$ cat upload30.txt   # compact mmCIF, C-alpha atoms
# COMPACT_ATOMS: atom_id res chain seq x y z
CA MET A 1447 -6.86 19.66 -11.42
CA SER A 1448 -7.46 17.68 -8.25
CA ILE A 1449 -6.39 14.07 -8.44
CA SER A 1450 -9.22 11.68 -7.79
CA LEU A 1451 -7.81 8.79 -5.81
CA GLN A 1452 -8.72 5.16 -5.60
CA LYS A 1453 -8.21 2.91 -2.61
CA GLY A 1454 -4.54 2.10 -2.13
CA GLN A 1455 -3.34 4.95 -4.26
CA LYS A 1456 -0.44 7.05 -3.04
CA VAL A 1457 0.42 10.51 -4.26
CA SER A 1458 3.15 12.93 -3.45
CA LEU A 1459 1.74 16.13 -2.01
CA THR A 1460 4.94 18.10 -2.28
CA LYS A 1461 5.35 17.11 -5.93
CA GLU A 1462 1.81 18.30 -6.69
CA SER A 1463 2.34 21.70 -5.19
CA ALA A 1464 5.75 23.32 -5.11
CA GLY A 1465 6.43 25.13 -1.86
CA LEU A 1466 3.59 23.36 -0.10
CA SER A 1467 3.57 24.20 3.58
CA LYS A 1468 0.09 24.10 5.09
CA VAL A 1469 -2.70 21.75 4.09
CA ILE A 1470 -6.32 21.49 5.07
CA VAL A 1471 -7.50 17.92 5.41
CA GLY A 1472 -11.22 18.10 4.72
CA LEU A 1473 -13.54 15.26 5.61
CA GLY A 1474 -17.17 14.93 4.66
CA TRP A 1475 -19.99 12.44 4.86
CA ASP A 1476 -23.77 12.28 4.59
CA ALA A 1477 -26.19 10.28 6.67
CA ALA A 1478 -27.81 7.79 4.35
CA GLU A 1479 -31.58 7.75 4.03
CA GLN A 1480 -32.77 5.48 6.80
CA SER A 1481 -35.27 2.86 5.79
CA LYS A 1482 -38.42 2.88 7.83
CA GLY A 1483 -37.96 -0.77 8.65
CA PHE A 1484 -34.84 -0.28 10.78
CA PHE A 1485 -36.10 2.55 12.91
CA GLY A 1486 -39.75 1.88 12.23
CA PHE A 1487 -40.68 2.30 15.84
CA LEU A 1488 -38.87 5.62 16.31
CA LYS A 1489 -40.16 9.01 15.33
CA SER A 1490 -36.78 10.19 14.08
CA ALA A 1491 -33.34 8.56 13.86
CA PRO A 1492 -30.63 10.00 16.13
CA ASP A 1493 -28.00 12.04 14.32
CA ILE A 1494 -24.81 10.24 13.43
CA ASP A 1495 -21.89 12.07 15.02
CA CYS A 1496 -18.73 11.30 13.10
CA ASP A 1497 -15.47 12.52 14.58
CA ALA A 1498 -12.30 13.16 12.64
CA THR A 1499 -9.04 12.43 14.41
CA ALA A 1500 -5.41 12.86 13.45
CA ILE A 1501 -3.06 10.38 15.10
CA MET A 1502 0.55 11.49 14.94
CA LEU A 1503 3.00 8.63 14.81
CA LYS A 1504 6.72 8.45 15.51
CA ASP A 1505 8.43 5.77 13.46
CA GLY A 1506 4.97 4.47 12.62
CA LYS A 1507 4.05 4.08 16.28
CA PHE A 1508 1.63 5.73 18.66
CA THR A 1509 3.62 6.90 21.67
CA ALA A 1510 1.74 9.57 23.58
CA LYS A 1511 -1.90 10.45 24.24
CA ASP A 1512 -1.25 14.08 23.41
CA ASP A 1513 -0.25 13.09 19.87
CA VAL A 1514 -3.92 12.49 19.15
CA VAL A 1515 -5.69 15.55 17.76
CA TYR A 1516 -9.47 15.26 18.06
CA PHE A 1517 -12.51 17.03 19.52
CA GLY A 1518 -11.06 16.67 23.03
CA ASN A 1519 -7.58 17.94 22.07
CA LEU A 1520 -7.95 20.38 19.22
CA SER A 1521 -4.35 21.52 18.96
CA HIS A 1522 -1.17 19.49 18.98
CA LYS A 1523 1.49 20.73 21.39
CA SER A 1524 3.74 21.53 18.44
CA GLY A 1525 1.05 23.85 17.08
CA THR A 1526 1.35 22.22 13.68
CA VAL A 1527 -1.83 20.13 13.66
CA ASN A 1528 -5.10 21.88 14.46
CA HIS A 1529 -8.62 20.47 14.45
CA MET A 1530 -11.16 23.07 13.43
CA GLY A 1531 -13.92 21.82 15.69
CA ASP A 1532 -16.48 19.12 16.21
CA ASN A 1533 -19.45 18.88 13.88
CA LEU A 1534 -22.15 17.00 15.75
CA THR A 1535 -24.64 16.30 12.98
CA GLY A 1536 -22.97 16.29 9.58
CA GLU A 1537 -25.36 18.94 8.31
CA GLY A 1538 -24.21 21.15 5.49
CA GLU A 1539 -22.42 20.85 2.20
CA GLY A 1540 -18.69 20.37 1.71
CA ASP A 1541 -16.29 19.44 4.48
CA ASP A 1542 -17.92 18.44 7.74
CA GLU A 1543 -14.70 18.59 9.73
CA GLN A 1544 -11.30 19.97 8.92
CA ILE A 1545 -7.83 19.44 10.28
CA VAL A 1546 -5.15 21.92 9.33
CA ILE A 1547 -1.60 20.63 9.18
CA ASP A 1548 1.47 22.81 8.76
CA LEU A 1549 3.60 20.19 7.03
CA SER A 1550 6.68 22.34 6.84
CA ARG A 1551 6.78 22.61 10.61
CA VAL A 1552 5.74 19.17 11.80
CA PRO A 1553 8.58 18.10 14.12
CA SER A 1554 10.92 15.69 12.40
CA GLU A 1555 10.29 12.84 14.82
CA TYR A 1556 6.74 12.46 13.45
CA ASP A 1557 6.78 10.55 10.20
CA LYS A 1558 3.10 9.74 9.74
CA ILE A 1559 -0.27 11.30 10.49
CA VAL A 1560 -3.17 8.88 10.25
CA ILE A 1561 -6.59 10.41 9.58
CA VAL A 1562 -9.39 8.42 11.12
CA VAL A 1563 -13.10 8.95 11.46
CA ASN A 1564 -15.18 7.10 13.97
CA ILE A 1565 -18.83 7.24 14.95
CA TYR A 1566 -19.22 8.67 18.41
CA SER A 1567 -20.93 6.22 20.74
CA ALA A 1568 -21.53 3.88 17.82
CA GLN A 1569 -22.35 0.88 19.94
CA ALA A 1570 -24.77 2.63 22.27
CA ARG A 1571 -26.52 4.36 19.37
CA LYS A 1572 -26.42 1.20 17.25
CA GLN A 1573 -24.83 3.07 14.36
CA HIS A 1574 -22.30 2.00 11.76
CA PHE A 1575 -20.77 3.23 8.55
CA GLY A 1576 -23.37 1.40 6.48
CA MET A 1577 -25.57 4.35 7.48
CA ILE A 1578 -23.10 6.85 6.03
CA GLU A 1579 -22.65 7.62 2.38
CA ASN A 1580 -20.58 9.94 0.20
CA ALA A 1581 -17.68 9.83 2.63
CA PHE A 1582 -14.61 11.59 1.31
CA ILE A 1583 -11.27 12.96 2.34
CA ARG A 1584 -9.52 15.71 0.46
CA ILE A 1585 -6.28 17.57 0.81
CA VAL A 1586 -6.24 21.27 0.04
CA ASP A 1587 -3.24 23.56 -0.25
CA ALA A 1588 -4.14 26.10 2.45
CA LYS A 1589 -2.26 28.95 0.80
CA SER A 1590 -3.88 28.77 -2.63
CA ASN A 1591 -7.06 26.97 -1.52
CA ARG A 1592 -6.43 24.55 -4.36
CA GLU A 1593 -7.63 21.01 -3.86
CA LEU A 1594 -4.72 18.65 -4.49
CA CYS A 1595 -6.44 15.30 -4.24
CA LYS A 1596 -9.68 13.70 -3.14
CA TYR A 1597 -10.57 10.16 -2.19
CA ASN A 1598 -14.22 9.16 -2.31
CA LEU A 1599 -14.78 6.12 -0.15
CA THR A 1600 -16.98 3.72 -2.04
CA ASP A 1601 -16.62 0.30 -0.43
CA ASN A 1602 -19.41 -1.23 1.56
CA TYR A 1603 -18.64 -0.37 5.15
CA SER A 1604 -21.66 -1.93 6.72
CA GLY A 1605 -21.04 -2.94 10.33
CA MET A 1606 -17.90 -0.81 10.65
CA THR A 1607 -17.78 1.84 13.35
CA ALA A 1608 -14.45 3.41 12.53
CA MET A 1609 -12.69 4.21 9.31
CA ILE A 1610 -9.08 4.88 8.52
CA PHE A 1611 -9.57 7.32 5.67
CA GLY A 1612 -5.93 7.84 4.80
CA GLU A 1613 -2.51 8.80 5.99
CA ILE A 1614 -0.13 11.63 5.36
CA TYR A 1615 3.46 10.46 5.64
CA ARG A 1616 7.05 11.36 4.93
CA HIS A 1617 8.94 9.52 2.21
CA ASN A 1618 12.48 10.59 1.53
CA SER A 1619 12.08 14.35 1.54
CA GLU A 1620 8.47 14.47 0.37
CA TRP A 1621 5.12 14.40 2.11
CA LYS A 1622 2.78 11.86 0.54
CA PHE A 1623 -0.85 10.93 0.97
CA GLY A 1624 -2.08 7.35 0.89
CA ALA A 1625 -5.79 6.61 0.34
CA ILE A 1626 -6.60 3.79 2.72
CA GLY A 1627 -10.37 3.56 3.18
CA GLN A 1628 -10.17 0.67 5.63
CA GLY A 1629 -13.05 0.08 7.99
CA THR A 1630 -12.70 -1.42 11.45
CA LYS A 1631 -15.06 -2.35 14.24
CA ASP A 1632 -13.15 -0.36 16.83
CA GLY A 1633 -15.43 1.38 19.30
CA SER A 1634 -13.40 4.42 20.24
CA ILE A 1635 -10.49 6.59 19.25
CA GLY A 1636 -8.46 4.89 22.00
CA ASP A 1637 -9.06 1.49 20.43
CA ILE A 1638 -7.85 2.77 17.07
CA CYS A 1639 -4.71 4.26 18.60
CA ARG A 1640 -3.88 0.95 20.26
CA ARG A 1641 -3.49 -0.58 16.78
CA TYR A 1642 -0.42 1.56 16.34
CA LEU A 1643 1.34 0.60 19.55
CA MET B 1124 25.14 -3.50 2.69
CA PRO B 1125 22.41 -4.23 0.18
CA ILE B 1126 21.92 -1.78 -2.65
CA ASN B 1127 18.49 -0.19 -2.39
CA LEU B 1128 17.25 -0.06 -5.92
CA SER B 1129 15.51 2.69 -7.75
CA LYS B 1130 13.45 2.11 -10.85
CA GLY B 1131 15.63 1.83 -13.94
CA GLN B 1132 18.77 1.07 -12.03
CA LYS B 1133 21.12 -1.61 -13.37
CA VAL B 1134 23.52 -3.31 -11.04
CA SER B 1135 26.03 -6.04 -11.58
CA LEU B 1136 25.51 -9.00 -9.32
CA THR B 1137 28.73 -10.79 -10.09
CA LYS B 1138 31.09 -7.82 -10.15
CA GLY B 1139 31.01 -7.27 -6.42
CA ASN B 1140 30.67 -10.99 -5.84
CA PRO B 1141 32.92 -12.99 -8.12
CA GLY B 1142 32.09 -16.63 -7.83
CA LEU B 1143 28.43 -15.91 -7.19
CA LYS B 1144 26.71 -19.14 -8.16
CA ASN B 1145 23.43 -19.45 -6.32
CA ILE B 1146 21.02 -16.68 -5.54
CA MET B 1147 17.80 -16.57 -3.64
CA VAL B 1148 15.17 -14.06 -4.73
CA GLY B 1149 13.02 -13.32 -1.71
CA LEU B 1150 9.65 -11.62 -1.62
CA GLY B 1151 7.90 -10.30 1.45
CA TRP B 1152 4.87 -8.29 2.46
CA ASP B 1153 2.89 -7.62 5.60
CA VAL B 1154 -0.56 -8.99 6.26
CA ASN B 1155 -3.57 -6.76 6.50
CA ALA B 1156 -3.27 -4.70 9.67
CA PHE B 1157 -7.01 -4.32 10.07
CA ASP B 1158 -9.77 -6.74 10.82
CA THR B 1159 -11.53 -6.35 7.50
CA GLY B 1160 -10.72 -7.26 3.94
CA ALA B 1161 -9.51 -10.45 2.31
CA ASP B 1162 -5.99 -11.83 2.72
CA PHE B 1163 -3.40 -10.48 0.32
CA ASP B 1164 -1.89 -13.26 -1.73
CA LEU B 1165 1.20 -12.03 -3.53
CA ASP B 1166 2.83 -14.40 -5.98
CA ALA B 1167 6.41 -14.33 -7.15
CA ALA B 1168 7.19 -15.74 -10.59
CA ALA B 1169 10.17 -16.07 -12.88
CA PHE B 1170 9.95 -15.99 -16.67
CA MET B 1171 12.99 -17.51 -18.38
CA LEU B 1172 13.30 -15.63 -21.67
CA GLY B 1173 15.03 -16.29 -24.94
CA SER B 1174 16.52 -13.74 -27.29
CA ASN B 1175 13.02 -12.84 -28.55
CA GLY B 1176 12.02 -11.70 -25.06
CA ARG B 1177 9.57 -14.56 -24.69
CA CYS B 1178 9.50 -17.88 -22.89
CA LEU B 1179 10.68 -20.70 -25.14
CA THR B 1180 7.98 -23.05 -23.85
CA ASP B 1181 5.45 -23.06 -21.02
CA LYS B 1182 8.02 -24.86 -18.92
CA GLU B 1183 10.13 -21.71 -18.73
CA PHE B 1184 7.41 -19.98 -16.72
CA ILE B 1185 8.17 -20.76 -13.08
CA PHE B 1186 5.32 -19.97 -10.71
CA TYR B 1187 3.04 -21.55 -8.07
CA GLY B 1188 1.72 -24.00 -10.71
CA ASN B 1189 5.16 -25.02 -12.03
CA LEU B 1190 7.65 -24.85 -9.22
CA GLU B 1191 10.87 -26.12 -10.74
CA HIS B 1192 12.51 -25.77 -14.14
CA THR B 1193 13.48 -29.07 -15.81
CA THR B 1194 17.17 -28.17 -15.44
CA GLY B 1195 16.75 -27.35 -11.76
CA ALA B 1196 18.27 -23.92 -12.46
CA VAL B 1197 15.23 -22.02 -11.20
CA LYS B 1198 13.17 -23.30 -8.31
CA HIS B 1199 10.20 -21.67 -6.62
CA MET B 1200 10.03 -22.61 -2.97
CA GLY B 1201 6.23 -22.61 -2.73
CA ASP B 1202 3.13 -20.46 -2.62
CA ASN B 1203 2.41 -18.47 0.52
CA LEU B 1204 -1.29 -17.63 0.54
CA THR B 1205 -1.48 -15.05 3.30
CA GLY B 1206 1.82 -13.39 4.03
CA GLU B 1207 1.84 -14.57 7.66
CA GLY B 1208 5.21 -14.70 9.33
CA GLU B 1209 8.41 -12.67 9.47
CA GLY B 1210 10.95 -12.29 6.66
CA ASP B 1211 10.51 -13.51 3.11
CA ASP B 1212 7.09 -14.88 2.30
CA GLU B 1213 8.09 -16.48 -1.00
CA GLN B 1214 11.46 -17.42 -2.40
CA ILE B 1215 12.85 -18.40 -5.78
CA GLU B 1216 16.28 -19.99 -6.00
CA VAL B 1217 18.43 -19.56 -9.07
CA LYS B 1218 21.55 -21.60 -9.79
CA LEU B 1219 23.28 -19.19 -12.17
CA THR B 1220 25.68 -21.75 -13.62
CA ASP B 1221 22.85 -24.16 -14.50
CA VAL B 1222 20.79 -21.64 -16.45
CA PRO B 1223 20.54 -22.98 -20.03
CA ALA B 1224 22.57 -21.07 -22.62
CA ASN B 1225 19.49 -20.19 -24.67
CA VAL B 1226 17.97 -18.32 -21.73
CA GLU B 1227 19.21 -14.76 -22.01
CA ARG B 1228 17.17 -13.11 -19.31
CA ILE B 1229 15.08 -14.11 -16.33
CA ALA B 1230 12.32 -11.69 -15.45
CA PHE B 1231 11.08 -11.63 -11.86
CA THR B 1232 7.54 -10.56 -11.28
CA VAL B 1233 5.18 -10.05 -8.38
CA THR B 1234 1.43 -10.19 -8.84
CA ILE B 1235 -1.59 -10.02 -6.58
CA TYR B 1236 -3.75 -13.11 -6.85
CA GLU B 1237 -7.41 -12.32 -7.68
CA ALA B 1238 -6.65 -8.63 -7.30
CA GLU B 1239 -9.73 -7.59 -9.22
CA ALA B 1240 -12.16 -9.82 -7.35
CA ARG B 1241 -10.67 -8.82 -3.99
CA ARG B 1242 -10.32 -5.18 -5.07
CA GLN B 1243 -6.70 -5.07 -4.04
CA ASN B 1244 -3.65 -3.31 -5.38
CA PHE B 1245 -0.05 -2.77 -4.35
CA GLY B 1246 -0.92 0.46 -2.56
CA GLN B 1247 -2.85 -1.53 0.02
CA VAL B 1248 -0.07 -3.98 0.74
CA SER B 1249 2.26 -2.84 3.44
CA ASN B 1250 6.00 -3.14 3.19
CA ALA B 1251 6.13 -5.19 -0.02
CA TYR B 1252 9.72 -5.78 -1.09
CA ILE B 1253 11.87 -8.03 -3.22
CA ARG B 1254 15.49 -8.85 -2.43
CA ILE B 1255 18.31 -10.87 -3.91
CA VAL B 1256 20.55 -12.81 -1.57
CA ASP B 1257 23.77 -14.70 -2.22
CA ALA B 1258 22.48 -18.15 -1.25
CA ASP B 1259 25.91 -19.40 -0.22
CA THR B 1260 26.88 -16.56 2.12
CA ASN B 1261 23.37 -15.39 3.01
CA GLN B 1262 24.44 -11.86 2.20
CA GLU B 1263 21.73 -9.56 0.89
CA LEU B 1264 22.86 -7.97 -2.37
CA ILE B 1265 19.90 -5.97 -3.58
CA ARG B 1266 16.63 -4.76 -2.16
CA TYR B 1267 13.72 -3.05 -3.91
CA ASP B 1268 10.85 -1.53 -1.95
CA LEU B 1269 7.65 -2.09 -3.91
CA GLY B 1270 5.45 -0.30 -1.45
CA GLU B 1271 6.14 3.23 -2.53
CA ASP B 1272 6.62 3.06 -6.29
CA PHE B 1273 3.42 1.19 -7.01
CA SER B 1274 0.00 2.05 -5.80
CA ILE B 1275 -2.88 1.05 -8.01
CA GLU B 1276 -1.08 -1.65 -9.99
CA THR B 1277 -1.75 -5.37 -9.57
CA ALA B 1278 1.27 -6.78 -11.41
CA VAL B 1279 4.87 -5.64 -11.38
CA VAL B 1280 7.86 -6.69 -13.43
CA VAL B 1281 10.35 -6.03 -10.71
CA GLY B 1282 13.47 -6.63 -12.72
CA GLU B 1283 15.47 -8.93 -14.86
CA LEU B 1284 18.60 -10.95 -14.41
CA TYR B 1285 20.57 -10.83 -17.65
CA LYS B 1286 23.99 -11.84 -18.95
CA HIS B 1287 26.34 -9.08 -20.08
CA ASN B 1288 29.91 -9.80 -21.12
CA GLY B 1289 30.12 -12.84 -18.93
CA GLU B 1290 28.62 -11.11 -15.87
CA TRP B 1291 25.15 -11.50 -14.44
CA LYS B 1292 23.45 -8.16 -13.97
CA PHE B 1293 20.13 -7.11 -12.54
CA ASN B 1294 18.01 -4.44 -14.17
CA ALA B 1295 15.45 -2.88 -11.82
CA ILE B 1296 12.70 -2.43 -14.34
CA GLY B 1297 9.91 -1.64 -11.93
CA SER B 1298 7.08 -1.64 -14.46
CA GLY B 1299 3.58 -1.84 -13.10
CA PHE B 1300 0.60 -3.26 -14.94
CA GLN B 1301 -3.08 -3.81 -14.44
CA GLY B 1302 -4.42 -7.26 -15.18
CA GLY B 1303 -2.39 -9.37 -12.76
CA LEU B 1304 -0.40 -12.43 -13.71
CA ALA B 1305 -2.50 -13.07 -16.81
CA ALA B 1306 -1.34 -9.77 -18.31
CA LEU B 1307 2.29 -10.64 -17.73
CA CYS B 1308 1.89 -14.07 -19.27
CA GLY B 1309 0.54 -12.50 -22.43
CA HIS B 1310 3.54 -10.17 -22.46
CA TYR B 1311 5.99 -13.07 -22.26
CA GLY B 1312 4.29 -15.38 -24.73
CA ILE B 1313 2.60 -17.79 -22.32
CA GLU B 1314 -0.91 -18.77 -23.22
CA VAL B 1315 -3.34 -18.52 -20.35
CA ALA B 1316 -5.93 -21.31 -20.27
$ encode --input "upload30.txt" --output "structure tokens"
Amino acid sequence: MSISLQKGQKVSLTKESAGLSKVIVGLGWDAAEQSKGFFGFLKSAPDIDCDATAIMLKDGKFTAKDDVVYFGNLSHKSGTVNHMGDNLTGEGEGDDEQIVIDLSRVPSEYDKIVIVVNIYSAQARKQHFGMIENAFIRIVDAKSNRELCKYNLTDNYSGMTAMIFGEIYRHNSEWKFGAIGQGTKDGSIGDICRRYL
Amino acid sequence: MPINLSKGQKVSLTKGNPGLKNIMVGLGWDVNAFDTGADFDLDAAAFMLGSNGRCLTDKEFIFYGNLEHTTGAVKHMGDNLTGEGEGDDEQIEVKLTDVPANVERIAFTVTIYEAEARRQNFGQVSNAYIRIVDADTNQELIRYDLGEDFSIETAVVVGELYKHNGEWKFNAIGSGFQGGLAALCGHYGIEVA
């Protein structure tokens, strides 16, 4: 049974699934129905392009550009974190983007992987997370395809252009997942990374 | 070297520190790292308990609304509303030798103010900890990291100081509750207005 998480909740991934090695971090979202009023003068609203990013931290800090796994750097140099590709429109059921992490092989100097989603070109396109609904993050055991936990983001994120969905981190000898669901007004992935300097 | 406590652990404070008279219970947490969300206001409290596990009177509940016990044995150093600043955010001093004889245990608790209204819980607070320091030597005796053991709770009974065969011991209870400070008051026999 997948654990349904609430904001702030932390769960041990390794405790949930003995012998856990690889996980799929699945992220999904839907574009909310746009009210005519907002885009009244447009024929159709531009698609909202949400991008999932995994920021790998050493001792809780961001130290190198190549530790950011995103649409422009799909594979971490260690080969243990792989982004499965950029979804430009959010169409389709289930996960919109996926990041596969081989937890058993993540180099020991990395103690935290922060999973962030931001809206591409949010400012220019005048988009924000108030226009997104049903956002979720889930962690799946890649070997058994069993969903371990899922966090449905339910706060009001109006005005936010980036969202820290959650983080996967080491604690003692376990890997844990923390449901964060914190919105920020950061414009780009670079801005988000700078928070971890 | 402070002992890093695990839930359920009991340690003697006075055994390793004979002559321990005054302790300082320090509480710290980090402010919200992001630009959204309300401030986190964590409150430390001490419940001075009799043999029935309850406070003898309202005056034995030491918190931001009642900072010092009439005997001066337990003194709360003040309410920090935001967690700004390095080190301990709130402190409670205990003069072990002045604790009245009818007080058998002192429970230390941490609660999140207005947790429900602000939709906050311990999982969202970074680096929350409680520590006990020998006030005379400034040596840290015990430390308990609240950040990992508690996630969706809003009130925690961190532990209790209790007398055992002439020693003062600390029991790391680590029990989490929903319902904030009000829930703990009910538990210890304090009526909430």
$ residues_near_point --input "upload30.txt" --point "(-4.4, 21.6, -9.7)" --cutoff "7 Å" --atoms "all atoms listed in the file" --output "PyMOL selection string"
chain A and resi 1447-1448+1592-1594
$ atom_distance --input "upload30.txt" --atom1 "atom CA of Gly1149 of chain B" --atom2 "atom CA of His1192 of chain B"
17.6 Å
$ interface_residues --input "upload30.txt" --of "chain A" --to "chain B" --cutoff "6 Å" --atoms "all atoms listed in the file" --output "PDB file with C-alpha atoms, in the coordinates of the input"
ATOM      1  CA  GLY A1454      -4.540   2.100  -2.130  1.00  0.00           C
ATOM      2  CA  GLN A1455      -3.340   4.950  -4.260  1.00  0.00           C
ATOM      3  CA  LYS A1456      -0.440   7.050  -3.040  1.00  0.00           C
TER       4      LYS A1456
END
$ residues_around --input "upload30.txt" --residues "segment 1163-1173 of chain B" --least-positions-apart "2" --cutoff "9 Å" --atoms "all atoms listed in the file" --output "PyMOL selection string"
chain B and resi 1149-1155+1160-1161+1175-1179+1182-1187+1197+1199+1202-1206+1212-1215+1225-1238+1241+1243+1247-1248+1304+1308+1311
$ write_last_selection --input "upload30.txt" --atoms "C-alpha atoms" --output "short mmCIF file (atom, residue, chain, number, x, y, z; two decimals), keeping the file's coordinate frame"
data_model
loop_
_atom_site.label_atom_id
_atom_site.label_comp_id
_atom_site.auth_asym_id
_atom_site.auth_seq_id
_atom_site.Cartn_x
_atom_site.Cartn_y
_atom_site.Cartn_z
CA GLY B 1149 13.02 -13.32 -1.71
CA LEU B 1150 9.65 -11.62 -1.62
CA GLY B 1151 7.90 -10.30 1.45
CA TRP B 1152 4.87 -8.29 2.46
CA ASP B 1153 2.89 -7.62 5.60
CA VAL B 1154 -0.56 -8.99 6.26
CA ASN B 1155 -3.57 -6.76 6.50
CA GLY B 1160 -10.72 -7.26 3.94
CA ALA B 1161 -9.51 -10.45 2.31
CA ASN B 1175 13.02 -12.84 -28.55
CA GLY B 1176 12.02 -11.70 -25.06
CA ARG B 1177 9.57 -14.56 -24.69
CA CYS B 1178 9.50 -17.88 -22.89
CA LEU B 1179 10.68 -20.70 -25.14
CA LYS B 1182 8.02 -24.86 -18.92
CA GLU B 1183 10.13 -21.71 -18.73
CA PHE B 1184 7.41 -19.98 -16.72
CA ILE B 1185 8.17 -20.76 -13.08
CA PHE B 1186 5.32 -19.97 -10.71
CA TYR B 1187 3.04 -21.55 -8.07
CA VAL B 1197 15.23 -22.02 -11.20
CA HIS B 1199 10.20 -21.67 -6.62
CA ASP B 1202 3.13 -20.46 -2.62
CA ASN B 1203 2.41 -18.47 0.52
CA LEU B 1204 -1.29 -17.63 0.54
CA THR B 1205 -1.48 -15.05 3.30
CA GLY B 1206 1.82 -13.39 4.03
CA ASP B 1212 7.09 -14.88 2.30
CA GLU B 1213 8.09 -16.48 -1.00
CA GLN B 1214 11.46 -17.42 -2.40
CA ILE B 1215 12.85 -18.40 -5.78
CA ASN B 1225 19.49 -20.19 -24.67
CA VAL B 1226 17.97 -18.32 -21.73
CA GLU B 1227 19.21 -14.76 -22.01
CA ARG B 1228 17.17 -13.11 -19.31
CA ILE B 1229 15.08 -14.11 -16.33
CA ALA B 1230 12.32 -11.69 -15.45
CA PHE B 1231 11.08 -11.63 -11.86
CA THR B 1232 7.54 -10.56 -11.28
CA VAL B 1233 5.18 -10.05 -8.38
CA THR B 1234 1.43 -10.19 -8.84
CA ILE B 1235 -1.59 -10.02 -6.58
CA TYR B 1236 -3.75 -13.11 -6.85
CA GLU B 1237 -7.41 -12.32 -7.68
CA ALA B 1238 -6.65 -8.63 -7.30
CA ARG B 1241 -10.67 -8.82 -3.99
CA GLN B 1243 -6.70 -5.07 -4.04
CA GLN B 1247 -2.85 -1.53 0.02
CA VAL B 1248 -0.07 -3.98 0.74
CA LEU B 1304 -0.40 -12.43 -13.71
CA CYS B 1308 1.89 -14.07 -19.27
CA TYR B 1311 5.99 -13.07 -22.26
#
$ atom_distance --input "upload30.txt" --atom1 "atom CA of Trp1291 of chain B" --atom2 "atom CA of Leu1143 of chain B"
9.1 Å
$ closest_residue --input "upload30.txt" --among "A:Gly1531, A:Gly1465, A:Gly1612, A:Pro1553" --to "Leu1451 of chain A" --atoms "all atoms listed in the file"
A:Gly1612
$ closest_residue --input "upload30.txt" --among "B:Glu1263, B:Glu1191, B:Glu1239, B:Asp1268" --to "Lys1218 of chain B" --atoms "only C-alpha atoms"
B:Glu1191
